[in-house]
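Structure file data-v8.cif with mmCIF, C-alpha atoms:
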data_entry
#
loop_
_atom_site.label_atom_id
_atom_site.label_comp_id
_atom_site.auth_asym_id
_atom_site.auth_seq_id
_atom_site.Cartn_x
_atom_site.Cartn_y
_atom_site.Cartn_z
CA MET A 1 -106.41 -62.58 -73.48
CA GLN A 2 -105.59 -59.03 -72.36
CA ALA A 3 -102.84 -58.79 -74.98
CA GLN A 4 -105.21 -60.04 -77.69
CA VAL A 5 -107.82 -57.46 -76.74
CA GLN A 6 -105.14 -54.74 -76.72
CA SER A 7 -103.96 -55.72 -80.20
CA TYR A 8 -107.52 -55.88 -81.53
CA ALA A 9 -108.44 -52.54 -79.95
CA GLU A 10 -105.45 -50.76 -81.45
CA MET A 11 -106.32 -52.13 -84.87
CA VAL A 12 -110.04 -51.24 -84.96
CA CYS A 13 -109.71 -48.02 -82.98
CA GLY A 14 -106.79 -46.66 -84.97
CA THR A 15 -108.69 -46.77 -88.25
CA ASN A 16 -111.96 -45.19 -89.29
CA LEU A 17 -113.94 -48.32 -90.11
CA LYS A 18 -116.13 -46.45 -92.57
CA THR A 19 -113.51 -44.58 -94.61
CA GLY A 20 -110.34 -46.59 -93.94
CA HIS A 21 -108.48 -43.42 -92.95
CA PRO A 22 -106.54 -43.02 -89.67
CA GLU A 23 -108.85 -42.27 -86.75
CA GLU A 24 -108.73 -39.04 -84.76
CA ALA A 25 -106.43 -39.35 -81.76
CA SER A 26 -109.12 -38.53 -79.17
CA ALA A 27 -111.60 -40.98 -80.67
CA LYS A 28 -108.91 -43.65 -80.86
CA LYS A 29 -108.01 -43.17 -77.21
CA ARG A 30 -111.64 -43.39 -76.03
CA CYS A 31 -112.19 -46.44 -78.19
CA ILE A 32 -109.16 -48.37 -76.93
CA SER A 33 -110.02 -47.59 -73.33
CA GLY A 34 -113.60 -48.76 -73.78
CA LEU A 35 -112.70 -51.98 -75.55
CA MET A 36 -110.11 -52.83 -72.92
CA ARG A 37 -112.79 -52.46 -70.24
CA LEU A 38 -115.04 -54.85 -72.16
CA GLY A 39 -112.32 -57.49 -72.34
CA LYS A 40 -113.20 -60.54 -74.44
CA ASN A 41 -116.68 -59.12 -75.10
CA ALA A 42 -114.99 -56.66 -77.44
CA PHE A 43 -114.78 -59.46 -79.99
CA LYS A 44 -118.59 -59.68 -80.08
CA LEU A 45 -119.02 -56.17 -81.45
CA ALA A 46 -119.94 -55.33 -85.01
CA SER A 47 -117.80 -52.77 -86.85
CA PRO A 48 -120.67 -50.29 -87.45
CA SER A 49 -121.35 -50.20 -83.70
CA ILE A 50 -117.71 -49.50 -82.88
CA GLN A 51 -117.48 -46.72 -85.44
CA LYS A 52 -120.74 -45.16 -84.29
CA CYS A 53 -119.64 -45.09 -80.65
CA LYS A 54 -116.27 -43.54 -81.49
CA GLN A 55 -118.14 -40.28 -82.04
CA GLU A 56 -119.60 -40.35 -78.52
CA ALA A 57 -117.90 -38.56 -75.63
CA ASN A 58 -118.50 -41.62 -73.44
CA PHE A 59 -117.47 -44.46 -75.73
CA PHE A 60 -117.89 -47.16 -73.10
CA ALA A 61 -121.45 -46.15 -72.17
CA CYS A 62 -122.36 -46.32 -75.85
CA ILE A 63 -120.60 -49.55 -76.75
CA ARG A 64 -121.56 -51.75 -73.81
CA GLY A 65 -125.10 -51.94 -75.18
CA HIS A 66 -123.79 -53.58 -78.34
CA THR A 67 -122.01 -56.62 -76.93
CA THR A 68 -124.67 -58.92 -78.40
CA ASP A 69 -124.08 -57.65 -81.95
CA ARG A 70 -122.46 -60.85 -83.19
CA ALA A 71 -125.17 -63.03 -81.67
CA GLU A 72 -127.84 -60.87 -83.29
CA ILE A 73 -126.03 -61.00 -86.63
CA LYS A 74 -125.82 -64.79 -86.43
CA GLN A 75 -129.50 -64.99 -85.52
CA ALA A 76 -130.39 -62.71 -88.43
CA ALA A 77 -128.29 -64.87 -90.75
CA ARG A 78 -130.08 -68.01 -89.57
CA GLU A 79 -133.47 -66.37 -90.07
CA HIS A 80 -132.42 -65.21 -93.52
CA GLY A 81 -131.34 -68.75 -94.39
CA ARG A 82 -134.70 -70.12 -93.27
CA GLU A 83 -136.50 -67.41 -95.24
CA ILE A 84 -134.58 -68.26 -98.42
CA LYS A 85 -135.69 -71.88 -98.10
CA THR A 86 -139.35 -70.81 -98.03
CA MET A 87 -139.11 -69.39 -101.56
CA SER A 88 -138.80 -71.35 -104.78
CA LYS A 89 -139.50 -71.11 -108.51
CA THR A 90 -141.16 -74.53 -108.31
CA PRO A 91 -143.74 -76.00 -105.88
CA HIS A 92 -142.36 -77.17 -102.54
CA HIS A 93 -142.37 -80.98 -102.20
CA ILE A 94 -145.09 -81.47 -104.81
CA ASN A 95 -144.69 -83.18 -108.16
CA SER A 96 -147.77 -82.39 -110.23
CA PRO A 97 -147.91 -82.48 -114.04
CA ARG A 98 -151.07 -80.34 -113.86
CA LEU A 99 -149.30 -77.58 -111.95
CA ASP A 100 -146.37 -77.85 -114.35
CA ARG A 101 -148.56 -77.42 -117.44
CA LEU A 102 -150.46 -74.48 -115.98
CA GLY A 103 -147.25 -72.87 -114.78
CA GLU A 104 -145.65 -73.22 -118.21
CA ALA A 105 -148.63 -71.46 -119.79
CA ILE A 106 -148.21 -68.52 -117.40
CA GLN A 107 -144.45 -68.39 -117.86
CA LYS A 108 -144.80 -68.22 -121.64
CA VAL A 109 -146.72 -64.99 -121.09
CA LEU A 110 -144.80 -63.41 -118.20
CA GLY A 111 -141.37 -65.03 -118.41
CA GLN A 112 -139.52 -67.88 -116.71
CA ARG A 113 -139.22 -66.14 -113.33
CA SER A 114 -142.84 -65.06 -113.11
CA ILE A 115 -144.12 -67.57 -110.53
CA LEU A 116 -142.86 -67.64 -106.95
CA TRP A 117 -143.85 -70.46 -104.61
CA SER A 118 -143.83 -69.31 -101.01
CA ASN A 119 -143.93 -71.75 -98.11
CA ASN A 120 -144.85 -69.24 -95.37
CA SER A 121 -142.42 -66.59 -96.57
CA LYS A 122 -142.39 -63.28 -94.67
CA THR A 123 -140.70 -61.51 -97.57
CA TRP A 124 -143.62 -62.05 -99.93
CA GLY A 125 -146.36 -61.43 -97.38
CA CYS A 126 -147.66 -64.98 -97.05
CA LYS A 127 -146.65 -65.83 -93.49
CA GLY A 128 -149.33 -65.36 -90.86
CA ARG A 129 -152.00 -64.30 -93.35
CA ASN A 130 -155.07 -66.06 -94.71
CA LEU A 131 -153.80 -65.67 -98.24
CA TYR A 132 -153.88 -68.28 -101.00
CA GLY A 133 -151.83 -66.22 -103.44
CA TYR A 134 -151.82 -62.97 -105.38
CA TYR A 135 -150.74 -61.36 -108.63
CA ARG A 136 -148.37 -58.41 -108.31
CA ILE A 137 -149.17 -56.20 -111.30
CA LYS A 138 -146.11 -53.96 -110.99
CA ASN A 139 -143.65 -56.86 -111.20
CA GLU A 140 -145.87 -59.15 -113.29
CA LEU A 141 -145.34 -61.83 -110.68
CA VAL A 142 -147.66 -64.60 -109.50
CA VAL A 143 -147.02 -65.38 -105.82
CA MET A 144 -148.38 -68.70 -104.60
CA CYS A 145 -148.77 -68.88 -100.81
CA GLN A 146 -148.35 -72.64 -100.80
CA GLY A 147 -148.06 -72.98 -97.03
CA PHE A 148 -151.64 -71.80 -96.54
CA HIS A 149 -153.01 -74.59 -98.77
CA ASN A 150 -151.88 -77.39 -96.44
CA GLY A 151 -151.04 -79.70 -99.33
CA ASP A 152 -154.46 -79.45 -101.02
CA LEU A 153 -153.53 -79.98 -104.68
CA ASP A 154 -156.94 -79.10 -106.13
CA GLU A 155 -156.92 -75.86 -104.16
CA LEU A 156 -153.41 -75.04 -105.40
CA ILE A 157 -154.49 -75.64 -108.99
CA ASP A 158 -157.51 -73.36 -108.57
CA THR A 159 -155.32 -70.65 -107.07
CA LEU A 160 -152.71 -70.90 -109.83
CA LYS A 161 -155.41 -70.58 -112.50
CA HIS A 162 -157.05 -67.74 -110.58
CA GLU A 163 -153.87 -65.69 -110.17
CA GLY A 164 -152.67 -66.68 -113.63
CA TRP A 165 -155.87 -65.31 -115.10
CA HIS A 166 -155.26 -62.02 -113.33
CA ALA A 167 -151.99 -61.94 -115.28
CA VAL A 168 -153.94 -62.45 -118.51
CA GLN A 169 -156.37 -59.68 -117.57
CA HIS A 170 -153.63 -57.14 -116.98
CA ARG A 171 -150.86 -58.23 -119.34
CA CYS A 172 -152.96 -59.27 -122.32
CA ARG A 173 -156.33 -57.54 -122.00
CA ASN A 174 -155.41 -54.17 -120.45
CA GLY A 175 -157.69 -54.78 -117.48
CA VAL A 176 -160.74 -55.63 -119.60
CA PRO A 177 -162.59 -58.84 -118.60
CA TYR A 178 -162.94 -61.64 -121.14
CA LEU A 179 -166.44 -62.61 -119.97
CA ASP A 180 -169.41 -60.27 -119.95
CA ASP A 181 -171.40 -59.54 -116.79
CA GLN A 182 -174.11 -62.08 -117.58
CA GLN A 183 -171.59 -64.88 -118.17
CA ILE A 184 -169.86 -64.08 -114.89
CA LEU A 185 -173.12 -63.91 -112.95
CA GLU A 186 -174.33 -67.25 -114.33
CA ARG A 187 -171.13 -69.08 -113.36
CA LEU A 188 -170.06 -67.44 -110.10
CA PRO A 189 -171.03 -69.49 -107.00
CA ARG A 190 -173.19 -67.66 -104.46
CA ARG A 191 -170.47 -67.95 -101.82
CA ASP A 192 -168.06 -66.11 -104.11
CA VAL A 193 -170.66 -63.46 -104.93
CA ILE A 194 -170.82 -62.59 -101.24
CA ASN A 195 -167.05 -62.74 -100.77
CA VAL A 196 -166.26 -60.54 -103.78
CA HIS A 197 -168.23 -57.69 -102.21
CA ASN A 198 -165.32 -57.29 -99.78
CA TYR A 199 -163.20 -56.07 -102.70
CA HIS A 200 -162.98 -52.51 -103.99
CA PRO A 201 -165.80 -51.85 -106.51
CA LYS A 202 -163.26 -51.37 -109.31
CA GLN A 203 -161.78 -54.82 -108.63
CA ARG A 204 -164.97 -56.83 -108.26
CA ARG A 205 -165.56 -57.67 -111.90
CA LEU A 206 -161.99 -58.82 -112.55
CA GLU A 207 -161.93 -60.77 -109.29
CA SER A 208 -165.25 -62.44 -110.08
CA GLU A 209 -164.04 -63.44 -113.54
CA ALA A 210 -160.79 -64.88 -112.14
CA ARG A 211 -162.83 -67.06 -109.77
CA VAL A 212 -164.93 -68.32 -112.65
CA MET A 213 -161.92 -69.01 -114.86
CA ALA A 214 -160.22 -70.95 -112.06
CA LYS A 215 -162.96 -73.57 -112.34
CA ILE A 216 -162.81 -74.28 -116.06
CA ASP A 217 -161.04 -77.29 -117.55
CA ASP A 218 -157.22 -77.05 -117.55
CA ALA A 219 -156.90 -77.59 -121.30
CA GLN A 220 -159.51 -74.93 -122.04
CA TRP A 221 -157.82 -72.53 -119.61
CA ILE A 222 -154.42 -73.02 -121.25
CA GLN A 223 -155.93 -72.56 -124.71
CA LEU A 224 -157.60 -69.31 -123.64
CA VAL A 225 -154.33 -68.02 -122.19
CA LYS A 226 -152.54 -68.75 -125.47
CA HIS A 227 -155.31 -67.12 -127.52
CA GLU A 228 -155.69 -63.98 -125.41
CA CYS A 229 -151.95 -63.42 -125.03
CA LYS A 230 -150.82 -64.23 -128.56
CA GLY A 231 -148.24 -61.64 -129.58
CA LYS A 232 -148.32 -60.01 -126.13
CA GLU A 233 -145.84 -62.28 -124.37
CA LYS A 234 -143.07 -60.70 -122.36
CA ARG A 235 -139.93 -60.68 -124.46
CA PRO A 236 -136.71 -61.96 -122.87
CA TYR A 237 -134.17 -59.21 -122.26
CA LYS A 238 -131.40 -59.08 -124.85
CA PRO A 239 -128.61 -56.55 -124.31
CA ASP A 240 -127.52 -54.42 -127.25
CA LEU A 241 -123.93 -55.56 -127.73
CA GLY A 242 -123.51 -54.07 -131.17
CA PHE A 243 -123.61 -57.45 -132.86
CA THR A 244 -126.00 -60.35 -133.35
CA TYR A 245 -126.86 -61.90 -130.00
CA SER A 246 -128.61 -65.13 -129.14
CA THR A 247 -129.14 -67.05 -125.92
CA PHE A 248 -127.41 -70.40 -125.46
#
Turn this file's structure into structure tokens for me.
Amino acid sequence: MQAQVQSYAEMVCGTNLKTGHPEEASAKKRCISGLMRLGKNAFKLASPSIQKCKQEANFFACIRGHTTDRAEIKQAAREHGREIKTMSKTPHHINSPRLDRLGEAIQKVLGQRSILWSNNSKTWGCKGRNLYGYYRIKNELVVMCQGFHNGDLDELIDTLKHEGWHAVQHRCRNGVPYLDDQQILERLPRRDVINVHNYHPKQRRLESEARVMAKIDDAQWIQLVKHECKGKEKRPYKPDLGFTYSTF
């Protein structure tokens, strides 16, 4: 084992792991000495940690705090793998023609990658929050926090129509509501009237309308989306190659 550590130390210490150039003699010497003292734990170190500590006068004091690097990297990789599984372009473990039809209507406006289904994803802000979903205006992305719905299909459908209508408001109507104040007031449940007051005054009217539109019939909702967004759909990106281009 000692010979293996020696060989490994000479390799990683003799080269600057950032630039690939030969390492300074003094840094190389400190590095080899420190790794030899660590023994087999030297194999648990990450390259950035080794290179960082080469610049320290006391290499060993610096590097001995990094002997769990590999374990932490593996843990981070496992967490990343779990996080990836929480995100999907389609609903998690639900087969619903209604969700499919509504989703297709939204995607015709915003594009094929415009709906993200999150099953308690940290990346998209759903995990640990009382959040049904949201529409990200900047990216024109509907994020569905599916994990918070606990499998309630009707609730998921309402949320998809709600957030999808926010997309219509911003993409197709430049932030102008489709319904007038009287129409919104007549249709908005009292519970929602109270809840909407928690929003910024500039957002209340659009939020109220989205709650109303979430409750209308699916077919009517889809027809309204088509009507309001006609000619305003997001065009698929086509690179200028200097000749006629078509997708296949």
Run the PyMOL selection byres ((chain A and resi 153-160) around 10) mentally over the shown coordinates, then write out the matched residues as a PyMOL selection string, using the chain letters and numbers from the document.
chain A and resi 91+94+96+98-100+102-103+106+115+132-135+142-146+148-152+161-166+210-216+218
For atom CA of A:Gly128 and atom CA of A:His80, determine how far apart the two atoms are, in Å to one decimal place.
17.1 Å
How many Å separate atom CA of A:Asn198 from atom CA of A:Asn119?
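Those two atoms sit 25.9 Å apart.
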Kindly resolve the PyMOL selection byres ((chain A and resi 178) around 12) on the present coordinates and return the residues as a PyMOL selection string.
chain A and resi 165-166+168-170+172-177+179-184+205-210+212-213+224-225+227-229
Saved selection, atoms kept: C-alpha atoms, as an mmCIF file, keeping the file's coordinate frame:
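What landed in again-v8.cif:
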data_model
loop_
_atom_site.group_PDB
_atom_site.id
_atom_site.type_symbol
_atom_site.label_atom_id
_atom_site.label_comp_id
_atom_site.auth_asym_id
_atom_site.auth_seq_id
_atom_site.Cartn_x
_atom_site.Cartn_y
_atom_site.Cartn_z
ATOM 1 C CA TRP A 165 -155.870 -65.310 -115.100
ATOM 2 C CA HIS A 166 -155.260 -62.020 -113.330
ATOM 3 C CA VAL A 168 -153.940 -62.450 -118.510
ATOM 4 C CA GLN A 169 -156.370 -59.680 -117.570
ATOM 5 C CA HIS A 170 -153.630 -57.140 -116.980
ATOM 6 C CA CYS A 172 -152.960 -59.270 -122.320
ATOM 7 C CA ARG A 173 -156.330 -57.540 -122.000
ATOM 8 C CA ASN A 174 -155.410 -54.170 -120.450
ATOM 9 C CA GLY A 175 -157.690 -54.780 -117.480
ATOM 10 C CA VAL A 176 -160.740 -55.630 -119.600
ATOM 11 C CA PRO A 177 -162.590 -58.840 -118.600
ATOM 12 C CA LEU A 179 -166.440 -62.610 -119.970
ATOM 13 C CA ASP A 180 -169.410 -60.270 -119.950
ATOM 14 C CA ASP A 181 -171.400 -59.540 -116.790
ATOM 15 C CA GLN A 182 -174.110 -62.080 -117.580
ATOM 16 C CA GLN A 183 -171.590 -64.880 -118.170
ATOM 17 C CA ILE A 184 -169.860 -64.080 -114.890
ATOM 18 C CA ARG A 205 -165.560 -57.670 -111.900
ATOM 19 C CA LEU A 206 -161.990 -58.820 -112.550
ATOM 20 C CA GLU A 207 -161.930 -60.770 -109.290
ATOM 21 C CA SER A 208 -165.250 -62.440 -110.080
ATOM 22 C CA GLU A 209 -164.040 -63.440 -113.540
ATOM 23 C CA ALA A 210 -160.790 -64.880 -112.140
ATOM 24 C CA VAL A 212 -164.930 -68.320 -112.650
ATOM 25 C CA MET A 213 -161.920 -69.010 -114.860
ATOM 26 C CA LEU A 224 -157.600 -69.310 -123.640
ATOM 27 C CA VAL A 225 -154.330 -68.020 -122.190
ATOM 28 C CA HIS A 227 -155.310 -67.120 -127.520
ATOM 29 C CA GLU A 228 -155.690 -63.980 -125.410
ATOM 30 C CA CYS A 229 -151.950 -63.420 -125.030
#
Surrounding residues of A:Ser7 excluding itself and chain neighbours under 6 positions, 12 Å, only C-alpha atoms, as a compact mmCIF listing (two decimals) with C-alpha atoms, in the coordinates of the input:
# COMPACT_ATOMS: atom_id res chain seq x y z
CA MET A 1 -106.41 -62.58 -73.48
CA CYS A 13 -109.71 -48.02 -82.98
CA GLY A 14 -106.79 -46.66 -84.97
CA ILE A 32 -109.16 -48.37 -76.93
CA LEU A 35 -112.70 -51.98 -75.55
CA MET A 36 -110.11 -52.83 -72.92
CA GLY A 39 -112.32 -57.49 -72.34
CA LYS A 40 -113.20 -60.54 -74.44
CA ALA A 42 -114.99 -56.66 -77.44
CA PHE A 43 -114.78 -59.46 -79.99
Just checking: using all atoms listed in the file, which residue out of A:Trp221, A:Ala105, A:Gln75, A:Trp117 ends up closest to A:Thr90?
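Of all the options, A:Trp117 lies closest to A:Thr90.
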Between A:Ile63, A:Cys53, A:Ala77, A:Ala167, smallest distance to A:Val109 by only C-alpha atoms belongs to A:Ala167
If the PyMOL selection byres ((chain A and resi 57) around 12) were run on this exact file, what residues would it hold? Put them as JSON, numbers by chain.
{"A": [26, 27, 28, 29, 30, 31, 34, 52, 53, 54, 55, 56, 58, 59, 60, 61, 62, 63]}
Atoms kept (C-alpha atoms) for selection, written as a PDB file, keeping the file's coordinate frame:
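Written out: out.pdb:
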ATOM      1  CA  SER A  26    -109.120 -38.530 -79.170  1.00  0.00           C
ATOM      2  CA  ALA A  27    -111.600 -40.980 -80.670  1.00  0.00           C
ATOM      3  CA  LYS A  28    -108.910 -43.650 -80.860  1.00  0.00           C
ATOM      4  CA  LYS A  29    -108.010 -43.170 -77.210  1.00  0.00           C
ATOM      5  CA  ARG A  30    -111.640 -43.390 -76.030  1.00  0.00           C
ATOM      6  CA  CYS A  31    -112.190 -46.440 -78.190  1.00  0.00           C
ATOM      7  CA  GLY A  34    -113.600 -48.760 -73.780  1.00  0.00           C
ATOM      8  CA  LYS A  52    -120.740 -45.160 -84.290  1.00  0.00           C
ATOM      9  CA  CYS A  53    -119.640 -45.090 -80.650  1.00  0.00           C
ATOM     10  CA  LYS A  54    -116.270 -43.540 -81.490  1.00  0.00           C
ATOM     11  CA  GLN A  55    -118.140 -40.280 -82.040  1.00  0.00           C
ATOM     12  CA  GLU A  56    -119.600 -40.350 -78.520  1.00  0.00           C
ATOM     13  CA  ASN A  58    -118.500 -41.620 -73.440  1.00  0.00           C
ATOM     14  CA  PHE A  59    -117.470 -44.460 -75.730  1.00  0.00           C
ATOM     15  CA  PHE A  60    -117.890 -47.160 -73.100  1.00  0.00           C
ATOM     16  CA  ALA A  61    -121.450 -46.150 -72.170  1.00  0.00           C
ATOM     17  CA  CYS A  62    -122.360 -46.320 -75.850  1.00  0.00           C
ATOM     18  CA  ILE A  63    -120.600 -49.550 -76.750  1.00  0.00           C
TER      19      ILE A  63
END
What is the atom CA of A:Asp217-atom CA of A:Lys230 distance in Å, reported with one decimal?
19.9 Å
Counting only C-alpha atoms, figure out which residue out of A:Leu141, A:Pro97, A:Ala9, A:Ala46 gets nearest to A:Lys74.
A:Ala46
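Residues in contact range of A:Asn120, defined as at most 6 Å between only C-alpha atoms, with sequence neighbours fewer than 6 positions away removed, read Cys126, Lys127 and Gly147 of chain A.
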Please return as a ChimeraX atom specification every residue within 9 Å of (-114.7, -50.0, -90.6), taking into account all atoms listed in the file and the file's own coordinates.
/A:12,15-20,47-48,50-51
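Distances to A:Arg82 were evaluated for A:Thr123, A:Leu110, A:Lys232, A:Leu116 using all atoms listed in the file, and the minimum falls at A:Thr123.
For the choices A:Glu186, A:Leu131, A:Lys108, A:Glu79, the atom-to-atom distance to A:Gly231 is smallest for A:Lys108 when using all atoms listed in the file.
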Which of A:Glu233, A:Ser49, A:Lys202, A:Arg129 sits closest to A:Gln112 [using all atoms listed in the file]:
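When distances to A:Gln112 are compared using all atoms listed in the file, the smallest one comes from A:Glu233.
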Restore N, CA and C atoms in stretch 169-197 of chain A and list the result as a tab-separated table (two decimals), keeping the file's coordinate frame.
chain	number	residue	atom	x	y	z
A	169	GLN	N	-155.54	-60.89	-117.58
A	169	GLN	CA	-156.37	-59.68	-117.57
A	169	GLN	C	-155.53	-58.42	-117.73
A	170	HIS	N	-154.43	-58.37	-117.00
A	170	HIS	CA	-153.63	-57.14	-116.98
A	170	HIS	C	-152.58	-57.09	-118.08
A	171	ARG	N	-151.92	-58.21	-118.34
A	171	ARG	CA	-150.86	-58.23	-119.34
A	171	ARG	C	-151.43	-58.24	-120.77
A	172	CYS	N	-152.49	-59.01	-120.95
A	172	CYS	CA	-152.96	-59.27	-122.32
A	172	CYS	C	-154.26	-58.57	-122.69
A	173	ARG	N	-155.03	-58.14	-121.69
A	173	ARG	CA	-156.33	-57.54	-122.00
A	173	ARG	C	-156.48	-56.12	-121.43
A	174	ASN	N	-155.39	-55.55	-120.95
A	174	ASN	CA	-155.41	-54.17	-120.45
A	174	ASN	C	-156.50	-53.93	-119.41
A	175	GLY	N	-156.72	-54.93	-118.56
A	175	GLY	CA	-157.69	-54.78	-117.48
A	175	GLY	C	-159.14	-54.94	-117.90
A	176	VAL	N	-159.37	-55.42	-119.11
A	176	VAL	CA	-160.74	-55.63	-119.60
A	176	VAL	C	-161.11	-57.10	-119.46
A	177	PRO	N	-162.21	-57.44	-118.78
A	177	PRO	CA	-162.59	-58.84	-118.60
A	177	PRO	C	-162.87	-59.54	-119.93
A	178	TYR	N	-162.66	-60.83	-119.96
A	178	TYR	CA	-162.94	-61.64	-121.14
A	178	TYR	C	-164.43	-61.99	-121.21
A	179	LEU	N	-165.02	-62.26	-120.05
A	179	LEU	CA	-166.44	-62.61	-119.97
A	179	LEU	C	-167.29	-61.37	-119.75
A	180	ASP	N	-168.53	-61.40	-120.23
A	180	ASP	CA	-169.41	-60.27	-119.95
A	180	ASP	C	-170.09	-60.48	-118.59
A	181	ASP	N	-170.80	-59.48	-118.13
A	181	ASP	CA	-171.40	-59.54	-116.79
A	181	ASP	C	-172.35	-60.72	-116.63
A	182	GLN	N	-173.14	-61.00	-117.66
A	182	GLN	CA	-174.11	-62.08	-117.58
A	182	GLN	C	-173.41	-63.44	-117.46
A	183	GLN	N	-172.34	-63.62	-118.23
A	183	GLN	CA	-171.59	-64.88	-118.17
A	183	GLN	C	-170.97	-65.08	-116.79
A	184	ILE	N	-170.46	-63.99	-116.23
A	184	ILE	CA	-169.86	-64.08	-114.89
A	184	ILE	C	-170.92	-64.42	-113.86
A	185	LEU	N	-172.05	-63.72	-113.92
A	185	LEU	CA	-173.12	-63.91	-112.95
A	185	LEU	C	-173.67	-65.33	-112.99
A	186	GLU	N	-173.78	-65.90	-114.17
A	186	GLU	CA	-174.33	-67.25	-114.33
A	186	GLU	C	-173.40	-68.31	-113.75
A	187	ARG	N	-172.10	-68.05	-113.75
A	187	ARG	CA	-171.13	-69.08	-113.36
A	187	ARG	C	-170.54	-68.89	-111.96
A	188	LEU	N	-170.70	-67.72	-111.40
A	188	LEU	CA	-170.06	-67.44	-110.10
A	188	LEU	C	-170.89	-68.03	-108.96
A	189	PRO	N	-170.30	-68.91	-108.13
A	189	PRO	CA	-171.03	-69.49	-107.00
A	189	PRO	C	-171.49	-68.40	-106.03
A	190	ARG	N	-172.61	-68.65	-105.37
A	190	ARG	CA	-173.19	-67.66	-104.46
A	190	ARG	C	-172.20	-67.26	-103.37
A	191	ARG	N	-171.44	-68.24	-102.87
A	191	ARG	CA	-170.47	-67.95	-101.82
A	191	ARG	C	-169.45	-66.92	-102.30
A	192	ASP	N	-169.03	-67.05	-103.56
A	192	ASP	CA	-168.06	-66.11	-104.11
A	192	ASP	C	-168.69	-64.74	-104.36
A	193	VAL	N	-169.96	-64.73	-104.72
A	193	VAL	CA	-170.66	-63.46	-104.93
A	193	VAL	C	-170.60	-62.62	-103.66
A	194	ILE	N	-170.85	-63.28	-102.54
A	194	ILE	CA	-170.82	-62.59	-101.24
A	194	ILE	C	-169.40	-62.14	-100.90
A	195	ASN	N	-168.44	-63.03	-101.13
A	195	ASN	CA	-167.05	-62.74	-100.77
A	195	ASN	C	-166.47	-61.60	-101.60
A	196	VAL	N	-166.81	-61.56	-102.88
A	196	VAL	CA	-166.26	-60.54	-103.78
A	196	VAL	C	-166.68	-59.13	-103.37
A	197	HIS	N	-167.78	-59.02	-102.65
A	197	HIS	CA	-168.23	-57.69	-102.21
A	197	HIS	C	-167.27	-57.06	-101.21
